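Student: Quick one: this structure, given as structure tokens, is what I'll be asking you about.
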Protein chains: 2
Amino acid sequence: MSAKDSQYLKKVGLKATLPRLKILQVLESSGFARHMTAEDVYKALLEQGDDVGLATVYRVLTQFEQAGVLTRHHFEGGQSVFEMDEGSHHDHILCTRCGRVDEFIDPVIEERQQAIADKFGYMMQDHSLYIYGICKHCRKKDKPAK
Amino acid sequence: MSAKDSQYLKKVGLKATLPRLKILQVLESSGFARHMTAEDVYKALLEQGDDVGLATVYRVLTQFEQAGVLTRHHFEGGQSVFEMDEGSHHDHILCTRCGRVDEFIDPVIEERQQAIADKFGYMMQDHSLYIYGICKHCRKKDKPAK
DNA sequence: TTGATTGCAAAGAATTTGCACTGGG
DNA sequence: CCCAGTGCAAATTCTTTGCAATCAA
């Protein structure tokens, strides 16, 4: 199920161990949710019958982050949230009711950020933009309730 | 030193106790730094000879946040960082070397954010934008070093 | 083989909570 | 006076670490 993944791990300089392959697989197949905490990954593994320690999940996620395999986000609420890094930078808009997450990229904003960094004399390394709101789905539910 | 602060606390619905007054004062006079962790506030109080429990600092900061007196940020690194809410929204650009924080507001970005929320069907409530980089000061130090 | 990796349990850091005591209104 | 507010220590939550056992190359 993962000759490809095995190659991939070696390519980024990580030995292709079973836990790492499993974790990679969970992240790849996380589908629409795409944003998982260490705990989420751990539970997903348990549910599919794979017995990996929580400490290992944390270690591997950190290694993946350093290897550029995934990105760590600091959403509100404390825990770190991880997401596969598919190469293309993007920002997030999230629903404070249901937790839904959408991704976007806006060239104008990107450009302005660079301009601001320049203006303040910073060499920009990174940035994070989160928009918080209530998605249409949750707003729809509201109306009748009230 | 704080008849004004005392009024202020009452106005936002909080009893004007000594710890709350002291904490408010520390935040108000934090001057250029302006961004403090609970621990920072706690240490500042100890240094000026005021004996307030760390738990109380956390409790009061949370109350202040709920009362709209200050804003809680989640910068990288885990801890919450607090800042007096002077009414005007702004974003942050921070140095990953020295921790320097600058504030800015960009009308174009604000406007684009609203447009994006609209496009995705969100009712925007809030947003946070952090730009990370290396400030000119730190870059200057680099050159000779290398 | 053999050093890298894992699992578990213990350690840590940040923050919260239970509870008897204290102070503001 | 009386309850909200406080201090302290214990409890929680998330994450990291030490170390012996295990696994990939």
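Starting from 1 in every chain, residues are counted up; chains themselves are A, B, ... following the order of the structure tokens, and ligands are numbered from 1 as listed.
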Set the cut-off to 8 Å and count only C-alpha atoms (C1' of nucleotides): what are the residues of chain C that reach chain B? Output as number ranges by chain.

Tutor: C: 14-15, 24

Student: Let's have the selection written as an mmCIF file, in the first residue's frame, with all heavy atoms.

Tutor:
data_model
loop_
_atom_site.group_PDB
_atom_site.id
_atom_site.type_symbol
_atom_site.label_atom_id
_atom_site.label_comp_id
_atom_site.auth_asym_id
_atom_site.auth_seq_id
_atom_site.Cartn_x
_atom_site.Cartn_y
_atom_site.Cartn_z
ATOM 1 P P DA C 14 6.024 27.702 29.711
ATOM 2 O OP1 DA C 14 6.419 28.605 28.635
ATOM 3 O OP2 DA C 14 6.401 27.967 31.115
ATOM 4 O "O5'" DA C 14 4.435 27.539 29.657
ATOM 5 C "C5'" DA C 14 3.842 27.254 28.405
ATOM 6 C "C4'" DA C 14 2.361 27.121 28.602
ATOM 7 O "O4'" DA C 14 2.102 26.013 29.473
ATOM 8 C "C3'" DA C 14 1.701 28.350 29.240
ATOM 9 O "O3'" DA C 14 0.553 28.662 28.478
ATOM 10 C "C2'" DA C 14 1.381 27.884 30.650
ATOM 11 C "C1'" DA C 14 1.161 26.387 30.443
ATOM 12 N N9 DA C 14 1.395 25.549 31.607
ATOM 13 C C8 DA C 14 2.439 25.594 32.476
ATOM 14 N N7 DA C 14 2.374 24.699 33.438
ATOM 15 C C5 DA C 14 1.199 24.021 33.171
ATOM 16 C C6 DA C 14 0.561 22.944 33.799
ATOM 17 N N6 DA C 14 1.035 22.347 34.893
ATOM 18 N N1 DA C 14 -0.596 22.502 33.280
ATOM 19 C C2 DA C 14 -1.074 23.096 32.174
ATOM 20 N N3 DA C 14 -0.567 24.113 31.487
ATOM 21 C C4 DA C 14 0.588 24.532 32.044
ATOM 22 P P DT C 15 -0.278 29.972 28.812
ATOM 23 O OP1 DT C 15 -0.836 30.414 27.533
ATOM 24 O OP2 DT C 15 0.509 30.888 29.665
ATOM 25 O "O5'" DT C 15 -1.468 29.356 29.665
ATOM 26 C "C5'" DT C 15 -2.231 28.294 29.069
ATOM 27 C "C4'" DT C 15 -3.114 27.670 30.110
ATOM 28 O "O4'" DT C 15 -2.332 27.016 31.121
ATOM 29 C "C3'" DT C 15 -4.027 28.653 30.854
ATOM 30 O "O3'" DT C 15 -5.359 28.360 30.454
ATOM 31 C "C2'" DT C 15 -3.769 28.367 32.329
ATOM 32 C "C1'" DT C 15 -3.118 26.994 32.287
ATOM 33 N N1 DT C 15 -2.232 26.642 33.420
ATOM 34 C C2 DT C 15 -2.577 25.545 34.190
ATOM 35 O O2 DT C 15 -3.567 24.873 33.984
ATOM 36 N N3 DT C 15 -1.721 25.279 35.224
ATOM 37 C C4 DT C 15 -0.575 25.973 35.555
ATOM 38 O O4 DT C 15 0.113 25.622 36.513
ATOM 39 C C5 DT C 15 -0.264 27.099 34.709
ATOM 40 C C7 DT C 15 0.952 27.931 34.981
ATOM 41 C C6 DT C 15 -1.097 27.378 33.693
ATOM 42 P P DG C 24 -10.009 45.698 49.564
ATOM 43 O OP1 DG C 24 -8.788 45.902 48.773
ATOM 44 O OP2 DG C 24 -10.180 46.330 50.880
ATOM 45 O "O5'" DG C 24 -11.263 46.079 48.650
ATOM 46 C "C5'" DG C 24 -11.506 45.311 47.471
ATOM 47 C "C4'" DG C 24 -12.970 45.400 47.103
ATOM 48 O "O4'" DG C 24 -13.772 44.589 48.012
ATOM 49 C "C3'" DG C 24 -13.560 46.801 47.168
ATOM 50 O "O3'" DG C 24 -14.467 46.942 46.093
ATOM 51 C "C2'" DG C 24 -14.264 46.842 48.523
ATOM 52 C "C1'" DG C 24 -14.699 45.388 48.701
ATOM 53 N N9 DG C 24 -14.709 44.877 50.073
ATOM 54 C C8 DG C 24 -13.758 45.077 51.045
ATOM 55 N N7 DG C 24 -14.018 44.440 52.159
ATOM 56 C C5 DG C 24 -15.214 43.774 51.902
ATOM 57 C C6 DG C 24 -15.989 42.917 52.739
ATOM 58 O O6 DG C 24 -15.748 42.556 53.887
ATOM 59 N N1 DG C 24 -17.132 42.464 52.092
ATOM 60 C C2 DG C 24 -17.495 42.790 50.803
ATOM 61 N N2 DG C 24 -18.623 42.271 50.358
ATOM 62 N N3 DG C 24 -16.777 43.590 50.009
ATOM 63 C C4 DG C 24 -15.654 44.044 50.627
#

Student: DSSP on the backbone: which residues in chain B end up as alpha helix (DSSP H)? Give the answer as a ChimeraX atom specification.

Tutor: /B:3-11,18-28,38-47,54-66,107-120,136-145

Student: Can you tell me how far C1' of DC2 in chain D sits from C1' of DA20 in chain C, in Å to one decimal?

Tutor: 15.2 Å

Student: Do me a favour and pick out the residues of chain B within 9 Å of chain A, using only C-alpha atoms, as a PyMOL selection string.

Tutor: chain B and resi 73-80+93-96+102+104+106+108-110+112-113+116-117+120-137+139

Student: Determine the nearest neighbour of Thr71 in chain A from the options A:Val101, A:Ala44, A:Leu27, A:Val52, counting only C-alpha atoms.

Tutor: A:Leu27

Student: Taking only C-alpha atoms (C1' of nucleotides) into account, which residues of chain D are within 10 Å of chain A, as a PyMOL selection string?

Tutor: chain D and resi 13-17+23-25

Student: Within 10 Å of DA11 in chain D, counting only C-alpha atoms (C1' of nucleotides), which residues show up once you throw out same-chain ones fewer than 2 positions away? Write them as a PDB file with N, CA, C and O atoms (P, O5', C5', C4', C3', O3' and C1' of nucleotides), in the first residue's frame, please.

Tutor:
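Wrote selection-v5.pdb, looks like this:
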ATOM      1  P    DT C  16      -6.600  29.033  31.179  1.00  0.00           P
ATOM      2  O5'  DT C  16      -7.002  27.945  32.266  1.00  0.00           O
ATOM      3  C5'  DT C  16      -7.158  26.604  31.846  1.00  0.00           C
ATOM      4  C4'  DT C  16      -7.699  25.776  32.988  1.00  0.00           C
ATOM      5  C3'  DT C  16      -8.890  26.395  33.741  1.00  0.00           C
ATOM      6  O3'  DT C  16      -9.868  25.380  33.861  1.00  0.00           O
ATOM      7  C1'  DT C  16      -7.176  25.797  35.254  1.00  0.00           C
ATOM      8  P    DT C  17     -11.264  25.653  34.578  1.00  0.00           P
ATOM      9  O5'  DT C  17     -11.077  24.965  36.018  1.00  0.00           O
ATOM     10  C5'  DT C  17     -10.430  23.715  36.111  1.00  0.00           C
ATOM     11  C4'  DT C  17     -10.419  23.251  37.563  1.00  0.00           C
ATOM     12  C3'  DT C  17     -11.612  23.731  38.411  1.00  0.00           C
ATOM     13  O3'  DT C  17     -11.967  22.675  39.287  1.00  0.00           O
ATOM     14  C1'  DT C  17      -9.594  24.456  39.385  1.00  0.00           C
ATOM     15  P    DG C  18     -13.303  22.717  40.129  1.00  0.00           P
ATOM     16  O5'  DG C  18     -12.769  22.433  41.602  1.00  0.00           O
ATOM     17  C5'  DG C  18     -11.884  21.335  41.863  1.00  0.00           C
ATOM     18  C4'  DG C  18     -11.560  21.287  43.352  1.00  0.00           C
ATOM     19  C3'  DG C  18     -12.714  21.669  44.276  1.00  0.00           C
ATOM     20  O3'  DG C  18     -12.576  20.924  45.485  1.00  0.00           O
ATOM     21  C1'  DG C  18     -10.997  23.298  44.445  1.00  0.00           C
TER      22       DG C  18
ATOM     23  P    DA D   9       1.754  26.376  48.176  1.00  0.00           P
ATOM     24  O5'  DA D   9       1.090  24.939  48.383  1.00  0.00           O
ATOM     25  C5'  DA D   9      -0.216  24.824  48.955  1.00  0.00           C
ATOM     26  C4'  DA D   9      -0.985  23.744  48.218  1.00  0.00           C
ATOM     27  C3'  DA D   9      -0.112  22.708  47.513  1.00  0.00           C
ATOM     28  O3'  DA D   9      -0.769  21.450  47.595  1.00  0.00           O
ATOM     29  C1'  DA D   9      -1.479  23.735  45.926  1.00  0.00           C
ATOM     30  P    DT D  13      -8.242  17.245  31.321  1.00  0.00           P
ATOM     31  O5'  DT D  13      -7.230  18.012  30.353  1.00  0.00           O
ATOM     32  C5'  DT D  13      -7.362  19.422  30.191  1.00  0.00           C
ATOM     33  C4'  DT D  13      -6.340  19.894  29.183  1.00  0.00           C
ATOM     34  C3'  DT D  13      -6.079  18.914  28.039  1.00  0.00           C
ATOM     35  O3'  DT D  13      -6.015  19.640  26.816  1.00  0.00           O
ATOM     36  C1'  DT D  13      -4.067  19.407  29.140  1.00  0.00           C
TER      37       DT D  13
END

Student: Can you tell me, as a PyMOL selection string, what residues are no more than 12 Å from DA21 in chain D when counting only C-alpha atoms (C1' of nucleotides), ignoring any on the same chain fewer than 2 positions away?

Tutor: (chain C and resi 5-8) or (chain D and resi 19+23)

Student: Could you write out that same residue set with all heavy atoms as a short mmCIF file (atom, residue, chain, number, x, y, z; two decimals), in the first residue's frame?

Tutor:
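Written output follows (part.cif):
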data_model
loop_
_atom_site.label_atom_id
_atom_site.label_comp_id
_atom_site.auth_asym_id
_atom_site.auth_seq_id
_atom_site.Cartn_x
_atom_site.Cartn_y
_atom_site.Cartn_z
P DT C 5 15.73 7.69 12.66
OP1 DT C 5 15.03 7.89 11.38
OP2 DT C 5 16.12 8.83 13.52
"O5'" DT C 5 14.86 6.68 13.53
"C5'" DT C 5 14.41 5.47 12.93
"C4'" DT C 5 13.40 4.80 13.83
"O4'" DT C 5 14.06 4.20 14.96
"C3'" DT C 5 12.32 5.73 14.41
"O3'" DT C 5 11.06 5.10 14.21
"C2'" DT C 5 12.69 5.83 15.88
"C1'" DT C 5 13.32 4.47 16.12
N1 DT C 5 14.28 4.35 17.25
C2 DT C 5 14.16 3.27 18.10
O2 DT C 5 13.30 2.42 17.99
N3 DT C 5 15.08 3.22 19.11
C4 DT C 5 16.11 4.12 19.34
O4 DT C 5 16.88 3.96 20.27
C5 DT C 5 16.17 5.23 18.41
C7 DT C 5 17.23 6.27 18.58
C6 DT C 5 15.26 5.30 17.41
P DT C 6 9.73 5.80 14.65
OP1 DT C 6 8.76 5.57 13.58
OP2 DT C 6 10.05 7.16 15.14
"O5'" DT C 6 9.30 4.90 15.90
"C5'" DT C 6 9.37 3.51 15.77
"C4'" DT C 6 8.94 2.79 17.04
"O4'" DT C 6 10.07 2.77 17.95
"C3'" DT C 6 7.76 3.38 17.81
"O3'" DT C 6 6.84 2.35 18.10
"C2'" DT C 6 8.40 3.94 19.08
"C1'" DT C 6 9.66 3.11 19.23
N1 DT C 6 10.82 3.82 19.83
C2 DT C 6 11.50 3.27 20.88
O2 DT C 6 11.20 2.21 21.38
N3 DT C 6 12.56 4.00 21.33
C4 DT C 6 13.00 5.22 20.84
O4 DT C 6 13.98 5.79 21.32
C5 DT C 6 12.25 5.75 19.73
C7 DT C 6 12.63 7.06 19.12
C6 DT C 6 11.20 5.04 19.28
P DG C 7 5.33 2.75 18.53
OP1 DG C 7 4.43 1.96 17.68
OP2 DG C 7 5.22 4.22 18.57
"O5'" DG C 7 5.22 2.22 20.03
"C5'" DG C 7 5.92 1.07 20.44
"C4'" DG C 7 5.86 0.93 21.95
"O4'" DG C 7 7.06 1.53 22.51
"C3'" DG C 7 4.69 1.63 22.64
"O3'" DG C 7 4.18 0.77 23.66
"C2'" DG C 7 5.30 2.92 23.21
"C1'" DG C 7 6.75 2.54 23.44
N9 DG C 7 7.71 3.61 23.21
C8 DG C 7 7.62 4.61 22.27
N7 DG C 7 8.63 5.43 22.27
C5 DG C 7 9.46 4.94 23.26
C6 DG C 7 10.73 5.42 23.73
O6 DG C 7 11.37 6.38 23.33
N1 DG C 7 11.23 4.64 24.75
C2 DG C 7 10.60 3.53 25.28
N2 DG C 7 11.23 2.92 26.26
N3 DG C 7 9.41 3.07 24.85
C4 DG C 7 8.91 3.82 23.86
P DC C 8 2.84 0.95 24.35
OP1 DC C 8 2.18 -0.37 24.40
OP2 DC C 8 2.15 2.12 23.76
"O5'" DC C 8 3.26 1.32 25.86
"C5'" DC C 8 4.27 0.53 26.50
"C4'" DC C 8 4.92 1.34 27.61
"O4'" DC C 8 5.89 2.26 27.05
"C3'" DC C 8 3.93 2.21 28.41
"O3'" DC C 8 4.03 1.89 29.78
"C2'" DC C 8 4.38 3.63 28.13
"C1'" DC C 8 5.85 3.44 27.81
N1 DC C 8 6.43 4.53 26.99
C2 DC C 8 7.74 4.92 27.24
O2 DC C 8 8.39 4.35 28.11
N3 DC C 8 8.28 5.91 26.50
C4 DC C 8 7.55 6.52 25.55
N4 DC C 8 8.12 7.49 24.84
C5 DC C 8 6.20 6.13 25.29
C6 DC C 8 5.68 5.14 26.01
P DC D 19 18.22 8.31 31.29
OP1 DC D 19 18.63 8.11 32.70
OP2 DC D 19 19.20 8.80 30.29
"O5'" DC D 19 17.60 6.94 30.78
"C5'" DC D 19 16.43 6.41 31.42
"C4'" DC D 19 16.06 5.08 30.78
"O4'" DC D 19 15.13 5.31 29.68
"C3'" DC D 19 17.25 4.32 30.18
"O3'" DC D 19 17.07 2.94 30.41
"C2'" DC D 19 17.15 4.64 28.69
"C1'" DC D 19 15.63 4.65 28.53
N1 DC D 19 15.12 5.38 27.34
C2 DC D 19 13.86 5.03 26.84
O2 DC D 19 13.22 4.15 27.40
N3 DC D 19 13.40 5.67 25.75
C4 DC D 19 14.13 6.62 25.16
N4 DC D 19 13.62 7.23 24.09
C5 DC D 19 15.42 6.99 25.66
C6 DC D 19 15.87 6.34 26.74
P DC D 23 10.31 -5.49 16.45
OP1 DC D 23 8.87 -5.71 16.22
OP2 DC D 23 11.24 -6.64 16.57
"O5'" DC D 23 10.85 -4.52 15.32
"C5'" DC D 23 10.45 -3.14 15.33
"C4'" DC D 23 11.23 -2.41 14.25
"O4'" DC D 23 12.56 -2.14 14.72
"C3'" DC D 23 11.39 -3.20 12.96
"O3'" DC D 23 11.28 -2.27 11.88
"C2'" DC D 23 12.79 -3.78 13.06
"C1'" DC D 23 13.52 -2.64 13.80
N1 DC D 23 14.71 -3.03 14.59
C2 DC D 23 15.78 -2.13 14.67
O2 DC D 23 15.73 -1.06 14.05
N3 DC D 23 16.87 -2.46 15.42
C4 DC D 23 16.90 -3.61 16.07
N4 DC D 23 17.99 -3.88 16.80
C5 DC D 23 15.81 -4.55 16.01
C6 DC D 23 14.75 -4.21 15.26
#

Student: Please identify which residues in range 5-146 of chain B DSSP calls strand (DSSP E or B) from the backbone, and express them as a ChimeraX atom specification.

Tutor: /B:36,70-73,81-84,91-95,101-104,123-134

Student: Have a look at C1' of DG3 in chain C and CA of Lys4 in chain A and let me know their distance in Å, one decimal.

Tutor: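 We find that C1' of DG3 in chain C and CA of Lys4 in chain A lie 25.2 Å from each other.
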
Student: For CA of Ser88 in chain B and CA of Gln48 in chain B, determine how far apart the two atoms are, in Å to one decimal place.

Tutor: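 Going from CA of Ser88 in chain B over to CA of Gln48 in chain B covers 29.6 Å.
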
Student: Residues at most 12 Å from Gln25 in chain A, counting only C-alpha atoms (C1' of nucleotides), excluding those fewer than 2 positions away in the same chain, as a list in words?

Tutor: Met1, Ser2, Ala3, Lys4, Asp5, Ser6, Tyr8, Leu9, Leu18, Pro19, Arg20, Leu21, Lys22, Ile23, Leu27, Glu28, Ser29, Ser30, Gly31, Val41, Ala44, Leu45, Gln48, Asp50 and Met84 of chain A
